[in-house]
Amino acid sequence: MKYYISLLILILLASSCRYNDLKNSQKIITSSGLAYYVKNLGSDEFMGRKPFTPGEKITVDFLAAELKKTGFEPAFNGSYFQPVPMVEIKSEVTGPVNIKTGKNLFSLSAPDDIAITSPRLSDGVKINESQMVFAGFGIVAPEYSRNDYNGLDVKGKTVVVLINDPGLYTGDTTFFKGREMTYYGRWTYKFEEAARQGAEGILIIHETEGAGYQYSIPRKSSITPRLYMQTADSNKTMCSFSGWLSAGSSDSLFKSLGYNVQELRTAACKKDFRGFYLKSKLSLSIRNKLYFNTSTNVAGILRGSSRADECIVYSAHWDHFGIGEKENGDSIYNGAVDNGTSMAWAFEIGKAFKTLKKKPLRSVVLLFPTAEEQGLLGSQYYTDHPPLPLNKTVACFNNDLMLPIGRMKDVMITGWGQSDLDDMIAEAAAEQDRYIIKDPNSQTGMYFRSDHFSFAKKGVPSAFAKGNVESREHGSEWAAKMEQDYINNRYHKPADNYEPDKWDLNGIAEDAKLAFTVGYRLANSDFFPAWKQGSEFKNVRR
């Protein structure tokens with residue numbers, strides 16, 4: 001009996017020590033600590049942190065120095081740096097995009113009517129009378145018994161598809177996820193699927209609600225140099241060209257073919273929809289300018305004590321848009337919020353782990369990927385070449401664009417319902433007297449638009465959670481107003497600056513404590529979170 005009593009006392013003491021250790025390390029995370037990182041990373045000295053510029057070297061050197069100061073070892077075979085070979089491509093459509101519809105010729109002007117780029121690592125692409133095919137939403141989803149390419153041969157042809165997925169327009173949560181976008185609705189998926197089907201090119205019909213932004217966004221993107229991965233096959237597995245049709249040009253084109261876009265969208269939402277060949281052929285010419293270079297992921301690791309080959313990853317991209325077009329006399333796109341606040345969030349979490357008296361069982365990785373703004377390229381490269389195996393990567397916690405507007409009552413989980421991480425976050429939120437809320441704008445597909453998604457695609461449960469909806473001091477309407485003000489006036493603009501007199505970083509500090517708490521519990525267990533039923537990533541985990 002004495003043995004069991006002694007054992008129980010030891011267990012209770014160990015539990016108590018762990019609890020006190022956690023609480024003491026939570027106190028390391030402060031708003032002043034966050035401010036140090038944002039003040040530096042969001043300053044003019046960093047020149048807007050654009051890949052392939054002098055600002056990149058200043059940024060990655062700073063991150064490596066801070067990782068070393070925090071006590072994290074180099075993550076990549078003795079180095080904090082992981083080279084990411086990329087190519088910058090500037091695509092120019094030369095002349096009009098011509099579409100033959102019977103005896104008529106329909107001409108579109110790029111980029112106003114049609115926004116097109118080519119990912120091919122070649123000087124140009126020329127398409128001559130490519131057969132056009134309407135393939136609904138461009139989705140192949142066995143779990144929903146959906147195959148928009150069924151019965152179609154699109155090899156060497158141009159596919160035209162709708163944005164988003166059927167659930168947005170039907171609201172039917174049993175067929176996809178209702179208004180919440182699945183990955184099948186994301187434009188990147190549609191480009192990938194068209195390439196898998198062998199299509200020569202793909203065009204998405206733009207629609208603001210389904211895309212989550214106006215046509216001006218893909219229009220501007222098509223005339224701006226873009227970064228792609230360097231691949232052995234020169235991106236030949238990708239479509240020769242991809243892009244968007246504006247709503248107006250789509251309406252005119254389909255009207256000339258005897259169709260109505262809205263009626264086609266309604267038909268494509270039905271479970272028995274089948275795609276069809278269009279009586280039209282497309283011709284275009286694209287000239288590419290290529291610039292090959294290498295950017296850098298930065299990462300450090302705190303080795304675990306007994307399960308060191310397993311890890312929890314905290315990620316926040318370092319890149320922004322450098323020095324560009326002047327607005328109100330300022331040309332440096334500092335990205336203090338996007339993504340200076342999130343990098344600060346990750347560093348404060350790292351400091352908390354390092355100050356634990358008892359080392360965690362599992363390893364902890366702080367990852368700062370490059371080229372998130374160019375399509376999650378750095379995190380994609382990391383997951384293709386991880387320093388620790390992905391099947392031993394327990395979870396990824398990522399953040400992006402954390403607003404410095406004070407403490408929040410909510411914890412907004414973008415991608416709620418994906419994995420067991422939701423339940424762990426909810427438990428930690430309750431300890432902070434906070435409640436969980438789904439992303440109120442889930443139809444925009446934000447879960448698929450930041451670096452955690454590169455991990456999710458490889459089967460690693462990944463979380464994107466932060467306070468965002470209800471301010472403790474000012475309420476929900478005020479918080480929404482602050483978010484909209486940032487989106488309208490500072491997002492991806494030179495005005496995204498560090499403003500110490502206006503900022504309140506206490507909410508981000510609370511978010512960091514929450515993410516640290518969840519990660520701490522995972523780091524001191526043998527538990528592997530799982531994907532939930534209905535997640536498109538459930539069967540990917542190896």
# chains A, B, ... in the order shown; residues from 1 in each chain; ligands from 1
>>> select_by_dssp(residues="region 235-365 of chain A", states="strand (DSSP E)", output="PyMOL selection string")
chain A and resi 241-245+276-302+307-315+323-327+330-332+362-365
>>> residues_around(residues="Leu377 (chain A)", least_positions_apart="6", cutoff="8 Å", atoms="only C-alpha atoms", output="list of chain:residue names")
A:Tyr228, A:Met229, A:Thr370, A:Ala371
>>> residues_around(residues="Asn497 (chain A)", least_positions_apart="3", cutoff="8 Å", atoms="only C-alpha atoms", output="VMD selection string")
chain A and resid 42 to 43 334 to 337 494
>>> residues_around(residues="Lys513 (chain A)", least_positions_apart="5", cutoff="10 Å", atoms="only C-alpha atoms", output="NGL selection string")
:A and (22-23 or 25-30 or 345 or 348-349 or 352 or 428-429 or 432 or 507-508 or 518-519)
>>> write_last_selection(atoms="all heavy atoms", output="compact mmCIF listing (two decimals), in the first residue's frame")
# COMPACT_ATOMS: atom_id res chain seq x y z
N LEU A 22 4.70 25.17 -16.98
CA LEU A 22 3.90 25.75 -18.07
C LEU A 22 3.50 27.18 -17.74
O LEU A 22 3.68 28.10 -18.56
CB LEU A 22 2.67 24.88 -18.32
CG LEU A 22 1.60 25.45 -19.26
CD1 LEU A 22 2.14 25.64 -20.67
CD2 LEU A 22 0.36 24.55 -19.27
N LYS A 23 2.93 27.38 -16.55
CA LYS A 23 2.44 28.70 -16.17
C LYS A 23 3.57 29.73 -16.10
O LYS A 23 3.41 30.88 -16.53
CB LYS A 23 1.71 28.62 -14.82
CG LYS A 23 0.38 27.89 -14.89
CD LYS A 23 -0.57 28.60 -15.84
CE LYS A 23 -1.90 27.88 -15.99
NZ LYS A 23 -2.79 28.52 -16.99
N SER A 25 6.39 29.67 -17.76
CA SER A 25 6.88 29.98 -19.11
C SER A 25 5.89 30.80 -19.91
O SER A 25 6.28 31.58 -20.79
CB SER A 25 7.22 28.68 -19.85
OG SER A 25 8.39 28.09 -19.31
N GLN A 26 4.60 30.66 -19.62
CA GLN A 26 3.60 31.51 -20.28
C GLN A 26 3.89 32.98 -20.03
O GLN A 26 3.65 33.85 -20.88
CB GLN A 26 2.20 31.16 -19.79
CG GLN A 26 1.61 29.89 -20.36
CD GLN A 26 0.24 29.58 -19.76
OE1 GLN A 26 -0.15 30.15 -18.74
NE2 GLN A 26 -0.47 28.66 -20.37
N LYS A 27 4.42 33.28 -18.83
CA LYS A 27 4.67 34.68 -18.44
C LYS A 27 5.80 35.31 -19.25
O LYS A 27 5.94 36.53 -19.29
CB LYS A 27 5.00 34.74 -16.95
CG LYS A 27 3.86 34.33 -16.04
CD LYS A 27 4.30 34.26 -14.58
CE LYS A 27 3.18 33.73 -13.68
NZ LYS A 27 3.63 33.58 -12.27
N ILE A 28 6.60 34.47 -19.89
CA ILE A 28 7.69 34.97 -20.73
C ILE A 28 7.14 35.73 -21.94
O ILE A 28 7.77 36.64 -22.48
CB ILE A 28 8.59 33.79 -21.20
CG1 ILE A 28 9.26 33.14 -19.99
CG2 ILE A 28 9.61 34.23 -22.22
CD1 ILE A 28 10.20 34.05 -19.23
N ILE A 29 5.94 35.34 -22.37
CA ILE A 29 5.32 35.94 -23.55
C ILE A 29 4.68 37.27 -23.17
O ILE A 29 3.74 37.32 -22.36
CB ILE A 29 4.26 34.99 -24.15
CG1 ILE A 29 4.92 33.68 -24.59
CG2 ILE A 29 3.53 35.65 -25.32
CD1 ILE A 29 3.93 32.59 -24.99
N THR A 30 5.20 38.36 -23.74
CA THR A 30 4.72 39.70 -23.38
C THR A 30 4.52 40.57 -24.62
O THR A 30 5.10 40.31 -25.68
CB THR A 30 5.72 40.41 -22.45
OG1 THR A 30 6.96 40.60 -23.17
CG2 THR A 30 5.97 39.60 -21.18
N TRP A 345 4.98 36.57 -32.84
CA TRP A 345 4.20 35.53 -32.16
C TRP A 345 5.01 34.24 -32.06
O TRP A 345 5.10 33.62 -31.00
CB TRP A 345 2.91 35.33 -32.95
CG TRP A 345 2.08 34.12 -32.72
CD1 TRP A 345 1.08 33.97 -31.80
CD2 TRP A 345 2.12 32.89 -33.48
NE1 TRP A 345 0.50 32.73 -31.93
CE2 TRP A 345 1.11 32.04 -32.95
CE3 TRP A 345 2.88 32.43 -34.55
CZ2 TRP A 345 0.88 30.75 -33.45
CZ3 TRP A 345 2.65 31.15 -35.05
CH2 TRP A 345 1.66 30.33 -34.50
N GLU A 348 8.10 34.62 -29.60
CA GLU A 348 7.71 34.62 -28.19
C GLU A 348 7.36 33.20 -27.72
O GLU A 348 7.67 32.81 -26.59
CB GLU A 348 6.54 35.57 -27.97
CG GLU A 348 6.91 37.04 -28.03
CD GLU A 348 7.83 37.44 -26.88
OE1 GLU A 348 7.35 37.62 -25.75
OE2 GLU A 348 9.05 37.56 -27.13
N ILE A 349 6.73 32.43 -28.58
CA ILE A 349 6.43 31.02 -28.26
C ILE A 349 7.74 30.25 -28.09
O ILE A 349 7.90 29.45 -27.16
CB ILE A 349 5.55 30.39 -29.35
CG1 ILE A 349 4.14 31.01 -29.32
CG2 ILE A 349 5.46 28.87 -29.18
CD1 ILE A 349 3.29 30.67 -30.52
N ALA A 352 9.29 30.95 -24.79
CA ALA A 352 8.58 30.26 -23.71
C ALA A 352 9.02 28.80 -23.61
O ALA A 352 9.25 28.27 -22.51
CB ALA A 352 7.07 30.36 -23.93
N ALA A 428 -7.84 25.12 -24.36
CA ALA A 428 -6.93 26.18 -23.93
C ALA A 428 -7.63 27.54 -23.95
O ALA A 428 -7.35 28.39 -23.10
CB ALA A 428 -5.70 26.20 -24.83
N ALA A 429 -8.53 27.74 -24.90
CA ALA A 429 -9.27 29.00 -24.97
C ALA A 429 -10.16 29.17 -23.75
O ALA A 429 -10.27 30.27 -23.18
CB ALA A 429 -10.11 29.04 -26.25
N GLN A 432 -8.61 30.61 -20.84
CA GLN A 432 -8.41 32.06 -20.96
C GLN A 432 -9.74 32.81 -20.94
O GLN A 432 -9.78 34.02 -21.21
CB GLN A 432 -7.67 32.39 -22.26
CG GLN A 432 -6.24 31.88 -22.33
CD GLN A 432 -5.55 32.30 -23.64
OE1 GLN A 432 -6.19 32.53 -24.66
NE2 GLN A 432 -4.23 32.41 -23.59
N GLY A 507 -3.49 41.33 -27.20
CA GLY A 507 -4.27 40.23 -27.75
C GLY A 507 -3.40 39.21 -28.44
O GLY A 507 -3.63 37.99 -28.33
N ILE A 508 -2.38 39.67 -29.16
CA ILE A 508 -1.47 38.74 -29.84
C ILE A 508 -0.67 37.97 -28.80
O ILE A 508 -0.38 36.77 -28.98
CB ILE A 508 -0.57 39.49 -30.83
CG1 ILE A 508 -1.43 40.16 -31.90
CG2 ILE A 508 0.43 38.54 -31.48
CD1 ILE A 508 -0.66 41.04 -32.87
N VAL A 518 -1.11 24.75 -26.12
CA VAL A 518 -1.51 23.57 -26.89
C VAL A 518 -0.28 22.80 -27.37
O VAL A 518 -0.21 21.57 -27.27
CB VAL A 518 -2.39 23.97 -28.09
CG1 VAL A 518 -2.77 22.74 -28.91
CG2 VAL A 518 -3.66 24.69 -27.61
N GLY A 519 0.72 23.53 -27.85
CA GLY A 519 1.94 22.88 -28.31
C GLY A 519 2.69 22.21 -27.18
O GLY A 519 3.27 21.12 -27.36
>>> closest_residue(among="A:Gly71, A:Gly300, A:Gly350, A:Pro369", to="Pro83 (chain A)", atoms="only C-alpha atoms")
A:Pro369
>>> closest_residue(among="A:Glu483, A:Asp309, A:Glu88, A:Asp272", to="Leu401 (chain A)", atoms="only C-alpha atoms")
A:Glu483
>>> residues_around(residues="Ser476 (chain A)", least_positions_apart="3", cutoff="12 Å", atoms="only C-alpha atoms", output="tab-separated table (two decimals) with N, CA, C and O atoms, in the first residue's frame")
chain	number	residue	atom	x	y	z
A	405	ILE	N	-4.95	44.88	-32.13
A	405	ILE	CA	-6.09	45.69	-31.67
A	405	ILE	C	-6.56	45.28	-30.28
A	405	ILE	O	-7.70	45.53	-29.90
A	408	MET	N	-9.02	39.84	-27.19
A	408	MET	CA	-10.27	39.43	-27.82
A	408	MET	C	-10.96	38.36	-26.97
A	408	MET	O	-10.31	37.55	-26.30
A	409	LYS	N	-12.29	38.35	-27.03
A	409	LYS	CA	-13.06	37.32	-26.33
A	409	LYS	C	-13.04	36.00	-27.09
A	409	LYS	O	-13.22	34.93	-26.50
A	410	ASP	N	-12.85	36.09	-28.41
A	410	ASP	CA	-12.95	34.90	-29.26
A	410	ASP	C	-11.58	34.34	-29.61
A	410	ASP	O	-10.56	35.02	-29.48
A	440	PRO	N	-16.03	33.62	-39.88
A	440	PRO	CA	-17.33	34.03	-40.42
A	440	PRO	C	-17.33	34.20	-41.94
A	440	PRO	O	-18.39	34.32	-42.55
A	467	GLY	N	-7.40	35.48	-32.15
A	467	GLY	CA	-8.52	36.34	-31.80
A	467	GLY	C	-8.78	37.33	-32.92
A	467	GLY	O	-7.84	37.97	-33.41
A	468	ASN	N	-10.04	37.49	-33.33
A	468	ASN	CA	-10.28	38.32	-34.51
A	468	ASN	C	-11.67	38.94	-34.57
A	468	ASN	O	-11.87	39.91	-35.29
A	469	VAL	N	-12.62	38.42	-33.81
A	469	VAL	CA	-14.02	38.78	-34.06
A	469	VAL	C	-14.61	39.71	-33.00
A	469	VAL	O	-15.33	40.65	-33.34
A	470	GLU	N	-14.33	39.47	-31.71
A	470	GLU	CA	-14.98	40.26	-30.66
A	470	GLU	C	-13.94	40.82	-29.67
A	470	GLU	O	-13.34	40.09	-28.89
A	471	SER	N	-13.77	42.13	-29.71
A	471	SER	CA	-12.88	42.81	-28.78
A	471	SER	C	-13.45	42.78	-27.37
A	471	SER	O	-14.65	43.01	-27.18
A	472	ARG	N	-12.60	42.48	-26.39
A	472	ARG	CA	-13.07	42.49	-25.00
A	472	ARG	C	-13.53	43.89	-24.59
A	472	ARG	O	-14.49	44.04	-23.83
A	473	GLU	N	-12.86	44.90	-25.09
A	473	GLU	CA	-13.14	46.27	-24.67
A	473	GLU	C	-14.20	46.96	-25.52
A	473	GLU	O	-15.02	47.72	-25.01
A	479	ALA	N	-14.43	45.60	-33.77
A	479	ALA	CA	-13.39	44.71	-34.28
A	479	ALA	C	-13.51	44.54	-35.79
A	479	ALA	O	-12.50	44.57	-36.52
A	480	ALA	N	-14.74	44.37	-36.27
A	480	ALA	CA	-14.96	44.23	-37.71
A	480	ALA	C	-14.56	45.50	-38.45
A	480	ALA	O	-13.98	45.44	-39.55
A	481	LYS	N	-14.84	46.64	-37.82
A	481	LYS	CA	-14.48	47.92	-38.43
A	481	LYS	C	-12.96	48.06	-38.51
A	481	LYS	O	-12.42	48.52	-39.52
A	482	MET	N	-12.26	47.64	-37.45
A	482	MET	CA	-10.80	47.72	-37.44
A	482	MET	C	-10.19	46.80	-38.51
A	482	MET	O	-9.23	47.16	-39.18
A	483	GLU	N	-10.75	45.61	-38.63
A	483	GLU	CA	-10.25	44.67	-39.64
A	483	GLU	C	-10.46	45.23	-41.03
A	483	GLU	O	-9.56	45.18	-41.88
>>> residues_around(residues="Leu257 (chain A)", least_positions_apart="4", cutoff="9 Å", atoms="only C-alpha atoms", output="JSON, numbers by chain")
{"A": [101, 102, 252, 253, 278, 279, 280]}
>>> residues_around(residues="region 184-186 of chain A", least_positions_apart="6", cutoff="8 Å", atoms="only C-alpha atoms", output="list in words")
Phe137, Ile139, Val140, Ala141, Ile163, Asn164, Asp165, Gly445 and Phe448 of chain A
>>> closest_residue(among="A:Gly304, A:Gly378, A:Gly55, A:Gly124", to="Val365 (chain A)", atoms="only C-alpha atoms")
A:Gly304
>>> select_by_dssp(residues="region 329-492 of chain A", states="helix (DSSP H, G or I)", output="ChimeraX atom specification")
/A:336-354,372-374,377-384,390-392,421-431,442-444,446-448,452-457,476-489
>>> atom_distance(atom1="CA of Lys354 (chain A)", atom2="CA of Thr517 (chain A)")
13.5 Å
>>> closest_atom_pairs(of="region 271-337 of chain A", to="region 142-161 of chain A", cutoff="12 Å", atoms="only C-alpha atoms", output="CSV")
residue,atom,partner,partner_atom,distance
A:Lys271,CA,A:Arg146,CA,7.3
A:Asp272,CA,A:Arg146,CA,8.5
A:Phe273,CA,A:Asp148,CA,7.5
A:Arg274,CA,A:Asp148,CA,6.3
A:Gly275,CA,A:Asp148,CA,6.1
A:Phe276,CA,A:Leu152,CA,7.1
A:Tyr277,CA,A:Leu152,CA,8.0
A:Leu278,CA,A:Val160,CA,9.4
A:Ser280,CA,A:Thr158,CA,10.0
A:Lys281,CA,A:Thr158,CA,8.4
A:Leu282,CA,A:Thr158,CA,7.6
A:Ser283,CA,A:Thr158,CA,10.0
A:Leu284,CA,A:Thr158,CA,11.4
>>> decode(residues="region 486-526 of chain A", atoms="N, CA and C atoms", output="CSV table (one decimal), in the first residue's frame")
chain,number,residue,atom,x,y,z
A,486,TYR,N,-8.0,48.0,-41.8
A,486,TYR,CA,-6.7,47.5,-42.2
A,486,TYR,C,-6.7,47.0,-43.6
A,487,ILE,N,-7.7,46.2,-44.0
A,487,ILE,CA,-7.8,45.6,-45.3
A,487,ILE,C,-7.9,46.7,-46.4
A,488,ASN,N,-8.7,47.7,-46.1
A,488,ASN,CA,-8.9,48.8,-47.1
A,488,ASN,C,-7.7,49.7,-47.3
A,489,ASN,N,-7.0,50.0,-46.1
A,489,ASN,CA,-6.0,51.1,-46.1
A,489,ASN,C,-4.6,50.7,-45.9
A,490,ARG,N,-4.3,49.4,-45.5
A,490,ARG,CA,-2.9,49.1,-45.2
A,490,ARG,C,-2.5,47.7,-45.8
A,491,TYR,N,-3.4,46.8,-46.0
A,491,TYR,CA,-3.1,45.5,-46.4
A,491,TYR,C,-2.4,45.5,-47.8
A,492,HIS,N,-1.2,45.0,-47.9
A,492,HIS,CA,-0.4,44.9,-49.1
A,492,HIS,C,-0.1,46.3,-49.6
A,493,LYS,N,0.0,47.3,-48.7
A,493,LYS,CA,0.3,48.7,-49.1
A,493,LYS,C,1.5,49.2,-48.2
A,494,PRO,N,2.1,50.3,-48.7
A,494,PRO,CA,3.2,50.8,-47.9
A,494,PRO,C,2.8,51.3,-46.5
A,495,ALA,N,1.5,51.5,-46.3
A,495,ALA,CA,1.0,52.0,-45.0
A,495,ALA,C,1.0,51.0,-43.9
A,496,ASP,N,1.4,49.7,-44.2
A,496,ASP,CA,1.4,48.6,-43.2
A,496,ASP,C,2.7,48.8,-42.4
A,497,ASN,N,2.7,49.8,-41.5
A,497,ASN,CA,3.8,50.2,-40.7
A,497,ASN,C,3.6,49.9,-39.2
A,498,TYR,N,4.7,49.7,-38.5
A,498,TYR,CA,4.6,49.6,-37.0
A,498,TYR,C,4.3,51.0,-36.4
A,499,GLU,N,3.2,51.0,-35.7
A,499,GLU,CA,2.7,52.2,-35.1
A,499,GLU,C,2.5,52.0,-33.6
A,500,PRO,N,3.6,52.2,-32.8
A,500,PRO,CA,3.5,51.9,-31.4
A,500,PRO,C,2.5,52.7,-30.6
A,501,ASP,N,2.2,53.9,-31.0
A,501,ASP,CA,1.2,54.7,-30.3
A,501,ASP,C,-0.2,54.3,-30.5
A,502,LYS,N,-0.4,53.5,-31.6
A,502,LYS,CA,-1.8,53.1,-32.0
A,502,LYS,C,-2.0,51.6,-31.7
A,503,TRP,N,-1.0,50.9,-31.6
A,503,TRP,CA,-1.1,49.4,-31.5
A,503,TRP,C,-1.3,49.0,-30.1
A,504,ASP,N,-2.0,47.9,-29.9
A,504,ASP,CA,-2.2,47.2,-28.6
A,504,ASP,C,-1.9,45.7,-28.9
A,505,LEU,N,-0.7,45.2,-28.5
A,505,LEU,CA,-0.3,43.9,-28.8
A,505,LEU,C,-0.7,42.8,-27.7
A,506,ASN,N,-1.5,43.2,-26.7
A,506,ASN,CA,-1.9,42.3,-25.7
A,506,ASN,C,-2.7,41.1,-26.2
A,507,GLY,N,-3.5,41.3,-27.2
A,507,GLY,CA,-4.3,40.2,-27.8
A,507,GLY,C,-3.4,39.2,-28.4
A,508,ILE,N,-2.4,39.7,-29.2
A,508,ILE,CA,-1.5,38.7,-29.8
A,508,ILE,C,-0.7,38.0,-28.8
A,509,ALA,N,-0.3,38.6,-27.7
A,509,ALA,CA,0.4,37.9,-26.6
A,509,ALA,C,-0.5,36.8,-26.1
A,510,GLU,N,-1.8,37.1,-25.9
A,510,GLU,CA,-2.7,36.1,-25.4
A,510,GLU,C,-2.8,34.9,-26.4
A,511,ASP,N,-2.8,35.2,-27.7
A,511,ASP,CA,-2.9,34.2,-28.7
A,511,ASP,C,-1.6,33.3,-28.7
A,512,ALA,N,-0.5,34.0,-28.5
A,512,ALA,CA,0.8,33.2,-28.4
A,512,ALA,C,0.8,32.3,-27.2
A,513,LYS,N,0.3,32.8,-26.0
A,513,LYS,CA,0.2,31.9,-24.9
A,513,LYS,C,-0.7,30.7,-25.1
A,514,LEU,N,-1.8,30.9,-25.8
A,514,LEU,CA,-2.7,29.8,-26.2
A,514,LEU,C,-2.0,28.8,-27.1
A,515,ALA,N,-1.3,29.3,-28.1
A,515,ALA,CA,-0.6,28.3,-29.0
A,515,ALA,C,0.5,27.6,-28.3
A,516,PHE,N,1.2,28.3,-27.4
A,516,PHE,CA,2.2,27.7,-26.6
A,516,PHE,C,1.7,26.6,-25.8
A,517,THR,N,0.5,26.9,-25.1
A,517,THR,CA,-0.1,25.9,-24.2
A,517,THR,C,-0.5,24.6,-25.0
A,518,VAL,N,-1.1,24.7,-26.1
A,518,VAL,CA,-1.5,23.6,-26.9
A,518,VAL,C,-0.3,22.8,-27.4
A,519,GLY,N,0.7,23.5,-27.9
A,519,GLY,CA,1.9,22.9,-28.3
A,519,GLY,C,2.7,22.2,-27.2
A,520,TYR,N,2.7,22.8,-26.0
A,520,TYR,CA,3.3,22.2,-24.8
A,520,TYR,C,2.7,20.9,-24.5
A,521,ARG,N,1.4,20.8,-24.5
A,521,ARG,CA,0.7,19.6,-24.2
A,521,ARG,C,1.0,18.5,-25.2
A,522,LEU,N,1.1,18.9,-26.5
A,522,LEU,CA,1.4,17.9,-27.5
A,522,LEU,C,2.9,17.5,-27.4
A,523,ALA,N,3.7,18.4,-27.0
A,523,ALA,CA,5.2,18.1,-27.0
A,523,ALA,C,5.5,17.2,-25.8
A,524,ASN,N,4.6,17.1,-24.8
A,524,ASN,CA,4.9,16.3,-23.7
A,524,ASN,C,3.9,15.1,-23.6
A,525,SER,N,3.6,14.6,-24.8
A,525,SER,CA,2.7,13.4,-24.9
A,525,SER,C,3.1,12.6,-26.0
A,526,ASP,N,2.4,11.4,-26.2
A,526,ASP,CA,2.7,10.6,-27.4
A,526,ASP,C,1.5,10.6,-28.4
